[in-house]
Amino acid sequence: MSRNPQEIVSDALAEYGSGREAVLQILTKINRELSYIPEEAVAAVANAVGVSNAEIYSVISFYSFFSTEPRGRNIIRLCTTISCEMNGSREILETIEKELGIKAGATTPDGRITLETTSCIGLCDQAPAMMVNDTPHTRLTPPETRRIIAGLE
Amino acid sequence: MSEKKILTATEQPDTGSALKKSLGMTSADVVFEVRESEIRGRGGAGFPTGIKWNLAGAASGSNKMVICNADEGEPGTFKDRYLIENYSLKLLEGMTIAGYAIGSSYGIIYLRAEYPYLIPVIEKARENLIRENLLGENILGTDFNFDIEIRPGAGAYVCGEETSLIESLEGKRGVPRNKPPFPVNSGYLFRPTIVNNVETFTAVPHIILNGAEWYQGLGIGNCTGTKLFSISGDIENPGVYELPMGSPISELLEASGSKDVQAVQVGGASGATITADELDRSLSFEDLPPGGSVIVFNSSRNMMDVLENFLEFFVHESCGQCTTCREGNVRLLDAVHLIRNGEISSMEELEPFFQLAEVMKISSKCGLGQTSPNCFIDIVTRFIDLPDEKEGE
């Protein structure tokens, strides 16, 4: 199913080059494909770009979208910043947590879904809102949220 | 209501008409027109765009860069998303004109990670422009070449700060740089670089077509142009509204249908929080600097909830480089908890926190730490009713 990290890193290097300025793009590609950035990929990128593993790790740890831990096949990012909170994001969070049986920050045991809360995602006019992978879902209600979750593979 | 739409007008000038006009002018004249329009950066900081372009155009160094800051992350801001969704051709045309003006052949759009669904929108606009010879090589038969690449971010509020954004584009942690050197002299990969907001670039074709004087006439008082506002919270019709710069905030509230107003926050979590008695204040760099976010709170809202939410945001988003910002936001959040559980019950006890807020403002390197204490000061002094001195003393 998923390719091995080495292969993905090679592809990313071929696509973006091995310049320092390509690091974010390379990491984004690995992170998208594997849902996280494994240690062997960190080493491969560091080696190709010519910096230390620590340097690459420091970049990964800086950005919210990157993870060094395996995550689910689907990632839910529920906005909890002010306009979404005022429009009921808390209730949506409780709905998802109950539905999946996990708390924010965790992944379902079957590896299907990771639930994260996030800072403002720029959908405040359609609050409460969340991203499921690359797709925005807006004006959420508990029933609609349950429906969206049920549709995830 | 004087809603005057330019950027978001239904009828838009023909794509490429402003670029065509620009290519018939000298690059210095294009910069001059933008400078004379007195447009100031639409991302929030309000630096005069024409001056930035002038400096980058005059800078020595090759491979100059045009960078579009599409990393709007300020809570309550979504105007750039709206512009990209609906007016991406104008955005790319504005960037291309900027490229001609400063002598650059390459542009990058730094798009926030939360907007992946806008990538195909921009790609499609780019392909259309290339097909029309409005982008790519030998644009409109001239020797001017310009192309634009999209680079997604990876989720960091601070990357909206221009030097953090450049660091991020260079594949590093998005921490602000020391200035000088300024990006206009040494930016992306040490090249002379301009970084402008989506809305700023989108306004450029209109300025070129209609002239600086026309643009100046759109604003109220000393302000020039129109401005987009993302308004959300306790209102009937949240969305993006375009108003003359300098409009009173009451006008925006009327347009978006707000009835019950306890507080309005202008400029996002790092902006100013005002009371219902101050709605005649103006949306302008001189009064309430409008980054783009306006959030309305009705009388049922507990402003301490609001403050707590904002400070949690800043604690999470501080890049950690400056101690005052990294630790200061944590301490201000502590103060909120102490007020809420009754351990702090007077303004006197809050004095050290106000001092800390001032220290954060003057000693943090970038806008994040310089402005994050605003919400604490505004909300605690205007919306929380604490006695001056501790009871029983």
# chains A, B, ... in the order shown; residues from 1 in each chain; ligands from 1
call {"tool": "interface_residues", "arguments": {"of": "chain A", "to": "chain B", "cutoff": "9 Å", "atoms": "only C-alpha atoms", "output": "PyMOL selection string"}}
result
chain A and resi 19-25+28+55-56+58-66+80-87+119-127+131+134-136
call {"tool": "write_last_selection", "arguments": {"atoms": "C-alpha atoms", "output": "short mmCIF file (atom, residue, chain, number, x, y, z; two decimals), in the first residue's frame"}}
result
data_model
loop_
_atom_site.label_atom_id
_atom_site.label_comp_id
_atom_site.auth_asym_id
_atom_site.auth_seq_id
_atom_site.Cartn_x
_atom_site.Cartn_y
_atom_site.Cartn_z
CA GLY A 19 18.86 22.63 -2.01
CA ARG A 20 18.21 23.79 1.51
CA GLU A 21 15.21 25.81 0.25
CA ALA A 22 13.53 22.58 -0.91
CA VAL A 23 13.33 21.14 2.61
CA LEU A 24 9.79 22.27 3.37
CA GLN A 25 8.51 20.89 0.07
CA THR A 28 5.49 18.15 2.96
CA GLU A 55 18.40 20.50 11.88
CA ILE A 56 15.71 18.67 9.91
CA SER A 58 13.91 21.20 14.31
CA VAL A 59 12.12 22.20 11.12
CA ILE A 60 9.61 19.38 11.48
CA SER A 61 8.84 20.26 15.08
CA PHE A 62 8.22 23.90 14.20
CA TYR A 63 5.23 23.36 11.92
CA SER A 64 1.79 22.16 13.02
CA PHE A 65 1.17 20.09 9.90
CA PHE A 66 4.27 17.94 10.32
CA THR A 80 -11.13 26.03 17.97
CA THR A 81 -10.20 29.68 17.52
CA ILE A 82 -12.65 32.38 18.55
CA SER A 83 -15.26 32.64 15.77
CA CYS A 84 -15.57 28.87 15.56
CA GLU A 85 -15.68 28.56 19.33
CA MET A 86 -18.45 31.16 19.51
CA ASN A 87 -20.39 29.16 16.97
CA SER A 119 -5.71 27.52 15.14
CA CYS A 120 -7.88 29.64 12.81
CA ILE A 121 -8.27 28.06 9.35
CA GLY A 122 -9.80 31.12 7.70
CA LEU A 123 -13.38 29.85 7.49
CA CYS A 124 -14.74 32.11 10.23
CA ASP A 125 -17.64 33.26 8.06
CA GLN A 126 -18.87 29.67 7.89
CA ALA A 127 -18.14 28.63 11.47
CA MET A 131 -10.57 20.43 7.52
CA ASP A 134 -7.58 18.76 2.18
CA THR A 135 -11.31 19.37 2.24
CA PRO A 136 -12.98 22.13 4.25
#
call {"tool": "residues_around", "arguments": {"residues": "segment 282-288 of chain B", "least_positions_apart": "2", "cutoff": "7 Å", "atoms": "only C-alpha atoms", "output": "list in words"}}
result
Gly46, Cys223, Met245, Gly246, Ser247, Pro248, Ile249, Val266, Ala272, Asp280 and Pro290 of chain B
call {"tool": "write_last_selection", "arguments": {"atoms": "N, CA and C atoms", "output": "PDB file, in the first residue's frame"}}
result
ATOM      1  N   GLY B  46       0.886  47.863   7.135  1.00  0.00           N
ATOM      2  CA  GLY B  46       0.632  49.155   6.505  1.00  0.00           C
ATOM      3  C   GLY B  46       1.844  49.880   5.976  1.00  0.00           C
ATOM      4  N   CYS B 223      -6.800  58.669   4.208  1.00  0.00           N
ATOM      5  CA  CYS B 223      -6.627  57.279   3.779  1.00  0.00           C
ATOM      6  C   CYS B 223      -6.862  57.160   2.284  1.00  0.00           C
ATOM      7  N   MET B 245     -11.279  52.916   2.737  1.00  0.00           N
ATOM      8  CA  MET B 245     -10.392  52.974   3.898  1.00  0.00           C
ATOM      9  C   MET B 245     -10.741  54.241   4.677  1.00  0.00           C
ATOM     10  N   GLY B 246     -10.806  54.118   5.989  1.00  0.00           N
ATOM     11  CA  GLY B 246     -11.160  55.278   6.808  1.00  0.00           C
ATOM     12  C   GLY B 246     -12.630  55.309   7.182  1.00  0.00           C
ATOM     13  N   SER B 247     -13.411  54.328   6.722  1.00  0.00           N
ATOM     14  CA  SER B 247     -14.834  54.281   7.073  1.00  0.00           C
ATOM     15  C   SER B 247     -14.996  54.076   8.577  1.00  0.00           C
ATOM     16  N   PRO B 248     -16.071  54.642   9.141  1.00  0.00           N
ATOM     17  CA  PRO B 248     -16.322  54.343  10.550  1.00  0.00           C
ATOM     18  C   PRO B 248     -16.729  52.887  10.698  1.00  0.00           C
ATOM     19  N   ILE B 249     -16.385  52.310  11.815  1.00  0.00           N
ATOM     20  CA  ILE B 249     -16.669  50.894  12.020  1.00  0.00           C
ATOM     21  C   ILE B 249     -18.173  50.633  12.046  1.00  0.00           C
ATOM     22  N   VAL B 266     -10.882  44.694  16.207  1.00  0.00           N
ATOM     23  CA  VAL B 266     -10.440  45.106  14.878  1.00  0.00           C
ATOM     24  C   VAL B 266      -8.976  44.735  14.706  1.00  0.00           C
ATOM     25  N   ALA B 272      -7.046  45.738  18.169  1.00  0.00           N
ATOM     26  CA  ALA B 272      -7.633  46.499  19.275  1.00  0.00           C
ATOM     27  C   ALA B 272      -9.041  45.990  19.552  1.00  0.00           C
ATOM     28  N   ASP B 280     -17.859  54.926  16.358  1.00  0.00           N
ATOM     29  CA  ASP B 280     -17.609  55.959  15.351  1.00  0.00           C
ATOM     30  C   ASP B 280     -16.131  56.020  14.982  1.00  0.00           C
ATOM     31  N   PRO B 290      -6.484  48.275  10.273  1.00  0.00           N
ATOM     32  CA  PRO B 290      -7.305  47.162   9.822  1.00  0.00           C
ATOM     33  C   PRO B 290      -6.521  46.117   9.046  1.00  0.00           C
TER      34      PRO B 290
END
call {"tool": "select_by_dssp", "arguments": {"residues": "segment 11-179 of chain B", "states": "alpha helix (DSSP H)", "output": "PyMOL selection string"}}
result
chain B and resi 17-23+27-37+49-58+79-102+119-131+162-169
call {"tool": "residues_around", "arguments": {"residues": "Asn374 of chain B", "least_positions_apart": "3", "cutoff": "12 Å", "atoms": "only C-alpha atoms", "output": "MDAnalysis selection string"}}
result
chainID B and resid 265:274 307 310:311 314 329 332 354 356:358 360:361 367:371 377:382
call {"tool": "atom_distance", "arguments": {"atom1": "atom CA of Ile37 of chain A", "atom2": "atom CA of Val51 of chain A"}}
result
16.6 Å
call {"tool": "closest_residue", "arguments": {"among": "B:Cys322, B:Ala18, B:Leu129, B:Val66", "to": "Ala98 of chain B", "atoms": "only C-alpha atoms"}}
result
B:Val66
call {"tool": "atom_distance", "arguments": {"atom1": "atom CA of Ser88 of chain B", "atom2": "atom CA of Ile26 of chain A"}}
result
26.2 Å
call {"tool": "residues_around", "arguments": {"residues": "Lys4 of chain B", "least_positions_apart": "3", "cutoff": "9 Å", "atoms": "only C-alpha atoms", "output": "list of chain:residue names"}}
result
B:Ala9, B:Leu218, B:Thr226, B:Glu242, B:Leu243, B:Pro244
call {"tool": "closest_residue", "arguments": {"among": "A:Ala41, A:Ile92, A:Gly105, A:Asn4", "to": "Glu144 of chain A", "atoms": "only C-alpha atoms"}}
result
A:Ile92
call {"tool": "atom_distance", "arguments": {"atom1": "atom CA of Pro38 of chain A", "atom2": "atom CA of Thr114 of chain A"}}
result
16.8 Å
call {"tool": "residues_around", "arguments": {"residues": "Glu236 of chain B", "least_positions_apart": "2", "cutoff": "7 Å", "atoms": "only C-alpha atoms", "output": "ChimeraX atom specification"}}
result
/B:238,256-258
call {"tool": "closest_residue", "arguments": {"among": "A:Ile148, A:Ala104, A:Ile113, A:Cys79", "to": "Ala129 of chain A", "atoms": "only C-alpha atoms"}}
result
A:Cys79
call {"tool": "residues_around", "arguments": {"residues": "segment 192-206 of chain B", "least_positions_apart": "4", "cutoff": "7 Å", "atoms": "only C-alpha atoms", "output": "JSON, numbers by chain"}}
result
{"B": [7, 18, 41, 42, 43, 52, 53, 56, 59, 61, 64, 65, 66, 67, 68, 69, 70, 80, 90, 91, 93, 94, 95, 162, 183, 184, 185, 186, 187, 188, 210]}
call {"tool": "residues_around", "arguments": {"residues": "Arg3 of chain A", "least_positions_apart": "3", "cutoff": "9 Å", "atoms": "only C-alpha atoms", "output": "PDB file with N, CA and C atoms, in the first residue's frame"}}
result
ATOM      1  N   GLN A   6      12.270   5.649   1.927  1.00  0.00           N
ATOM      2  CA  GLN A   6      13.432   5.922   1.081  1.00  0.00           C
ATOM      3  C   GLN A   6      13.001   6.305  -0.337  1.00  0.00           C
ATOM      4  N   GLU A   7      12.046   5.535  -0.829  1.00  0.00           N
ATOM      5  CA  GLU A   7      11.544   5.748  -2.185  1.00  0.00           C
ATOM      6  C   GLU A   7      10.892   7.138  -2.316  1.00  0.00           C
ATOM      7  N   ILE A   8      10.097   7.492  -1.309  1.00  0.00           N
ATOM      8  CA  ILE A   8       9.415   8.789  -1.336  1.00  0.00           C
ATOM      9  C   ILE A   8      10.418   9.932  -1.269  1.00  0.00           C
ATOM     10  N   GLU A  33       2.268  11.773   2.205  1.00  0.00           N
ATOM     11  CA  GLU A  33       2.123  10.411   1.721  1.00  0.00           C
ATOM     12  C   GLU A  33       2.085   9.388   2.851  1.00  0.00           C
ATOM     13  N   LEU A  34       2.878   9.604   3.885  1.00  0.00           N
ATOM     14  CA  LEU A  34       2.959   8.615   4.967  1.00  0.00           C
ATOM     15  C   LEU A  34       2.143   9.006   6.192  1.00  0.00           C
TER      16      LEU A  34
END
call {"tool": "closest_residue", "arguments": {"among": "A:Tyr57, A:Glu39, A:Ile96, A:Ser18", "to": "Arg147 of chain A", "atoms": "only C-alpha atoms"}}
result
A:Ile96
